[in-house]
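Novice: Sending over a structure as structure tokens; questions will come in a sec.
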Amino acid sequence: MSALWPTAIDWRAPRTWVALGTLALLLVLPLLAEFVSGDGADFWVKFATRVMIYALAAIGLNLILGFGGLVSFGHAMYVMLGSYAVAIPTEHGITSGWLHLVIALAAAFVLALVVGAISLRTTGIAFIMITLAFAQMLFFAAVSLKQYGGDDGLTVAARSDFGVISIAGHIGLYYVALTVVLLALYLSWRAVLSPFGLVLRASKANARRTLALGHPVFRFQLAAYVASALLCAVAGVLLANLTQFASPAYGAWTLSGELIVVVILGGLGTVFGPLIGAILLLALEEALPTLVEALLPAYKANWMLLLGLFIFLIALTLERGVYGSLPERARGRQQP
Amino acid sequence: MTTSALETVRLVKRFGGVTATDQVSLTVAPGELHALIGPNGAGKSTLIGQLAGELSPDAGDIRLFGQSVIGRPVHERARLGLGRTYQITQLAREFTALDNVLLGVNARRGGNTRFWGPARQDLESVARARAALDQVGLGERAEAQVAALAHGEQRQLEIAMALATEPRLLLLDEPLAGMSQGEAQAMVTLLRGLKKHYTMLLVEHDMDAVFTLADRVSVLVYGRIIATGTVAEIRANADVRAAYLGEETAA
Ligand SMILES: Nc1ncnc2c1ncn2[C@@H]1O[C@H](COP(=O)(O)OP(=O)(O)OP(=O)(O)O)[C@@H](O)[C@H]1O
Ligand SMILES: [Mg+2]
């Protein structure tokens, strides 16, 4: 077992129940949707896929934000890049999903290496502003792609072709997205507890000391930054397939902000938090408008105020986010 | 002649109008415990910062084991065998004591690009980390969070982390700072033990500790070294008494 799990799992800890319960629900979600809402099942499966895509991007962002302690305010640009890696080749008749994936990963790798190498020279507010500036530059670069729809975006004629792994149907795409999320969770869990993760977390806890011990902190941060960008790019590939659309809007700073909210809502510095955060945020964004319309019809346009209030309250009362605040052990011991 | 563990040549560091390091030339011989004393604001921590690479001097040279390290970043100097502790405790507070020390062990052992196998399952590294904790008397507290450690224990951990990197030269910036009498006594005993195995530059205000531990002492006042010598020589030095020791005994 120890070879499979990087750390001993406390089966009685509330966090473990929540994590396993969530995963169990996600595994049977399409069945559940079919059972509960019959013809409306498609809507729920698509919604859940969207949640998975947000979760994946947030799991990526969490590497640099949650474990590296660096607030990147531009990660949506990698999501956007991933979506165009599907849309543009498809426009030219290249439908291979594997090729889309390779293009997305290669482009995100190069961009992240450059952006990371420059912005990681700074910390704090400067880092936030530089990453935001790069994302805005890429946003406007996409807007200027007139031959690919400019700011109207670009529709994707058909979903990517992954051979035997068919994502043509909504359920197929959902399970692919869920599988990728599970892989990303497992990978980041192992990475965080590895020697690499130890240095990365130490660079957040005390960068000065970590350097003084002899660790080249910058390289570790850069590696984490690139890895986080790659996960976001994969999220972009999935997003373009879900919506059959790519657009500069996927790289808007508001989406970068939403990803930060997802990570913080779930719990900074926890492996599973981003998934919980994504479920919470998207569920609220979905439910609140209906709820407000039913209860206070006059204020239905103002549901976002309520969302803001909720996020505000969580941030105020739960310092470690929703998942991060759950007890991790019978007695307090660190299990990221 | 053997090369010095550390040598500074006419080192200068200015902060605006303040010359915090003023033409400092200092040598630490291999195996020596060299103490650096001086009143508050004399420039001791500033000197340590330049040796470690956190501050860059305005002029002069720093040679580590015979090699100039001017312009070399902090982590490279650590790799060359420079270990240091801080006057104000610098630890990863969210970590356990053991993980703090493990970080030091891994800095020396390498393999930090591994991202699959758990750090805690590297039994050799963990064993070394535990040994370093035992060495400073923190073995029992290995799994305690830093935040739960008493101040004195944090000061011990501060040293254990530096030892874990297997340094060839240790820079200790006021290891006794803020300690109770009992804790200080234990720390002096620890330092006396370390003295047999490590070359050290010890910055310390506690004169009793300095005079029992040091092989040689340098006295820094307003950024300048006004005297260097054995404990007996320093005790007898009139300038030192006037500038520094006098005010201590008067207080
Ligand atoms: N970053 C800085 N910017 C400006 N001035 C500084 C800075 N660091 C130190 N100084 C000044 O340099 C001088 C030396 O400070 P330093 O901290 O090195 O003294 P010290 O000998 O370590 O004192 P203490 O015994 O109180 O620790 C002081 O006058 C201090 O105010
Ligand atoms: Mg000082």
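Starting from 1 in every chain, residues are counted up; chains themselves are A, B, ... following the order of the structure tokens, and ligands are numbered from 1 as listed.
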Residues of chain B that approach ligand 1 to 9 Å or less, counting only C-alpha atoms and all ligand atoms: could you list each one with the shortest pair of atoms and its distance in Å to one decimal, rows by chain and increasing residue number, as a tab-separated table?

Specialist:
```
residue	atom	partner	partner_atom_place_in_ligand_line	distance
B:Lys13	CA	ligand 1	12 (O)	8.8
B:Arg14	CA	ligand 1	12 (O)	7.8
B:Phe15	CA	ligand 1	4 (C)	4.8
B:Gly16	CA	ligand 1	4 (C)	7.0
B:Gly17	CA	ligand 1	5 (N)	8.9
B:Val18	CA	ligand 1	29 (O)	6.4
B:Thr19	CA	ligand 1	12 (O)	7.2
B:Ala20	CA	ligand 1	12 (O)	4.6
B:Thr21	CA	ligand 1	14 (C)	7.7
B:Ile37	CA	ligand 1	21 (O)	8.0
B:Gly38	CA	ligand 1	21 (O)	6.3
B:Pro39	CA	ligand 1	25 (O)	5.8
B:Asn40	CA	ligand 1	25 (O)	3.6
B:Gly41	CA	ligand 1	19 (O)	3.4
B:Ala42	CA	ligand 1	21 (O)	3.9
B:Gly43	CA	ligand 1	18 (O)	3.2
B:Lys44	CA	ligand 1	21 (O)	3.7
B:Ser45	CA	ligand 1	22 (O)	3.6
B:Thr46	CA	ligand 1	18 (O)	3.6
B:Leu47	CA	ligand 1	18 (O)	6.4
B:Ile48	CA	ligand 1	18 (O)	8.0
B:Gly49	CA	ligand 1	18 (O)	8.2
B:Leu55	CA	ligand 1	1 (N)	8.6
B:Gln87	CA	ligand 1	27 (O)	7.0
B:Asp173	CA	ligand 1	22 (O)	8.0
B:Glu174	CA	ligand 1	27 (O)	7.8
B:Val203	CA	ligand 1	22 (O)	8.4
B:Glu204	CA	ligand 1	25 (O)	8.0
B:His205	CA	ligand 1	25 (O)	7.1
B:Leu220	CA	ligand 1	21 (O)	7.8
B:Val221	CA	ligand 1	21 (O)	8.3
B:Tyr222	CA	ligand 1	14 (C)	7.7
B:Gly223	CA	ligand 1	14 (C)	7.2
```

Novice: Contacts of Ala177 (chain B) at 10 Å or less, counting only C-alpha atoms, minus same-chain residues fewer than 5 places along, as a list in words?

Specialist: Tyr86, Gln87, Ile88, Thr89, His151, Gly152, Arg155, Ala184, Glu204, His205 and Asp206 of chain B

Novice: Could you pull out the alpha helix (DSSP H) residues of region 158-200 of chain B from DSSP and send them as a list in words?

Specialist: Glu158, Ile159, Ala160, Met161, Ala162, Leu163, Ala164, Gln181, Gly182, Glu183, Ala184, Gln185, Ala186, Met187, Val188, Thr189, Leu190, Leu191, Arg192, Gly193, Leu194 and Lys195 of chain B

Novice: Can you pull out the residues contacting Leu23 (chain A)? Cut-off 12 Å, using only C-alpha atoms, and skip same-chain residues under 3 positions away; I want them as a list of chain:residue names.

Specialist: A:Thr16, A:Trp17, A:Val18, A:Ala19, A:Leu20, A:Leu26, A:Leu27, A:Val28, A:Leu29, A:Met52, A:Leu178, A:Thr179, A:Val181, A:Leu182, A:Leu185, A:Phe272, A:Leu275, A:Ile276, A:Ile279

Novice: Pick out the residues sitting within 10 Å of Ala214 (chain B), and hand them over as a VMD selection string; count only C-alpha atoms, and ignore anything fewer than 5 positions along from it in its own chain.

Specialist: chain B and resid 32 to 36 192 195 200 to 202 209 230 to 231

Novice: Pull out every residue of chain B sitting within 6 Å of chain A, counting only C-alpha atoms, and send them as a PyMOL selection string.

Specialist: chain B and resi 74-75+78-79+92+104+107+112-119

Novice: For CA of Ile167 (chain A) and CA of Val261 (chain A), quote the distance in Å rounded to one decimal.

Specialist: 28.9 Å

Novice: What gap, in Å, lies between CA of Phe134 (chain A) and CA of Glu91 (chain A)?

Specialist: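 About the pair CA of Phe134 (chain A) and CA of Glu91 (chain A): they are 26.1 Å apart.
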
Novice: Pick out the residues sitting within 9 Å of Phe127 (chain A), and hand them over as a list in words; count only C-alpha atoms, and ignore anything fewer than 6 positions along from it in its own chain.

Specialist: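 Residues near the query, excluding close chain neighbours: Leu70, Val71, Ser72, Phe73, Ser119, Leu120 and Arg121 of chain A.
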
Novice: Mind writing the picked residues with all heavy atoms as a CSV table (one decimal), in the first residue's frame?

Specialist:
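Result file is result10.csv:
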```csv
chain,number,residue,atom,x,y,z
A,70,LEU,N,2.6,31.6,-4.4
A,70,LEU,CA,2.7,32.7,-5.3
A,70,LEU,C,1.4,32.9,-6.0
A,70,LEU,O,0.8,32.0,-6.7
A,70,LEU,CB,3.8,32.5,-6.4
A,70,LEU,CG,5.2,32.5,-5.8
A,70,LEU,CD1,6.1,31.7,-6.6
A,70,LEU,CD2,5.7,33.9,-5.6
A,71,VAL,N,0.8,34.1,-5.9
A,71,VAL,CA,-0.5,34.4,-6.5
A,71,VAL,C,-0.4,34.8,-7.9
A,71,VAL,O,-0.1,35.9,-8.3
A,71,VAL,CB,-1.2,35.6,-5.7
A,71,VAL,CG1,-2.6,35.8,-6.3
A,71,VAL,CG2,-1.2,35.3,-4.2
A,72,SER,N,-0.6,33.8,-8.8
A,72,SER,CA,-0.6,34.0,-10.2
A,72,SER,C,-2.0,34.5,-10.6
A,72,SER,O,-3.0,33.8,-10.4
A,72,SER,CB,-0.2,32.8,-11.0
A,72,SER,OG,-0.5,33.0,-12.4
A,73,PHE,N,-2.1,35.7,-11.2
A,73,PHE,CA,-3.4,36.2,-11.6
A,73,PHE,C,-3.5,36.1,-13.1
A,73,PHE,O,-4.2,37.0,-13.7
A,73,PHE,CB,-3.4,37.7,-11.1
A,73,PHE,CG,-4.8,38.2,-11.0
A,73,PHE,CD1,-5.1,39.4,-10.4
A,73,PHE,CD2,-5.9,37.5,-11.4
A,73,PHE,CE1,-6.3,39.9,-10.2
A,73,PHE,CE2,-7.2,38.0,-11.3
A,73,PHE,CZ,-7.4,39.2,-10.7
A,119,SER,N,8.5,36.5,-14.5
A,119,SER,CA,7.7,37.0,-13.4
A,119,SER,C,8.2,36.4,-12.0
A,119,SER,O,8.0,37.1,-11.0
A,119,SER,CB,6.2,36.7,-13.5
A,119,SER,OG,6.0,35.5,-14.2
A,120,LEU,N,8.8,35.3,-12.0
A,120,LEU,CA,9.3,34.7,-10.8
A,120,LEU,C,10.5,35.4,-10.2
A,120,LEU,O,11.0,35.1,-9.1
A,120,LEU,CB,9.6,33.2,-10.9
A,120,LEU,CG,8.3,32.3,-11.0
A,120,LEU,CD1,8.7,30.9,-11.4
A,120,LEU,CD2,7.6,32.3,-9.7
A,121,ARG,N,11.0,36.4,-11.0
A,121,ARG,CA,12.0,37.3,-10.4
A,121,ARG,C,11.5,38.2,-9.4
A,121,ARG,O,12.2,38.8,-8.6
A,121,ARG,CB,12.7,38.2,-11.5
A,121,ARG,CG,13.3,37.4,-12.7
A,121,ARG,CD,14.6,36.9,-12.3
A,121,ARG,NE,15.1,35.9,-13.3
A,121,ARG,CZ,16.1,35.0,-13.0
A,121,ARG,NH1,16.7,35.0,-11.9
A,121,ARG,NH2,16.5,34.1,-13.9
```
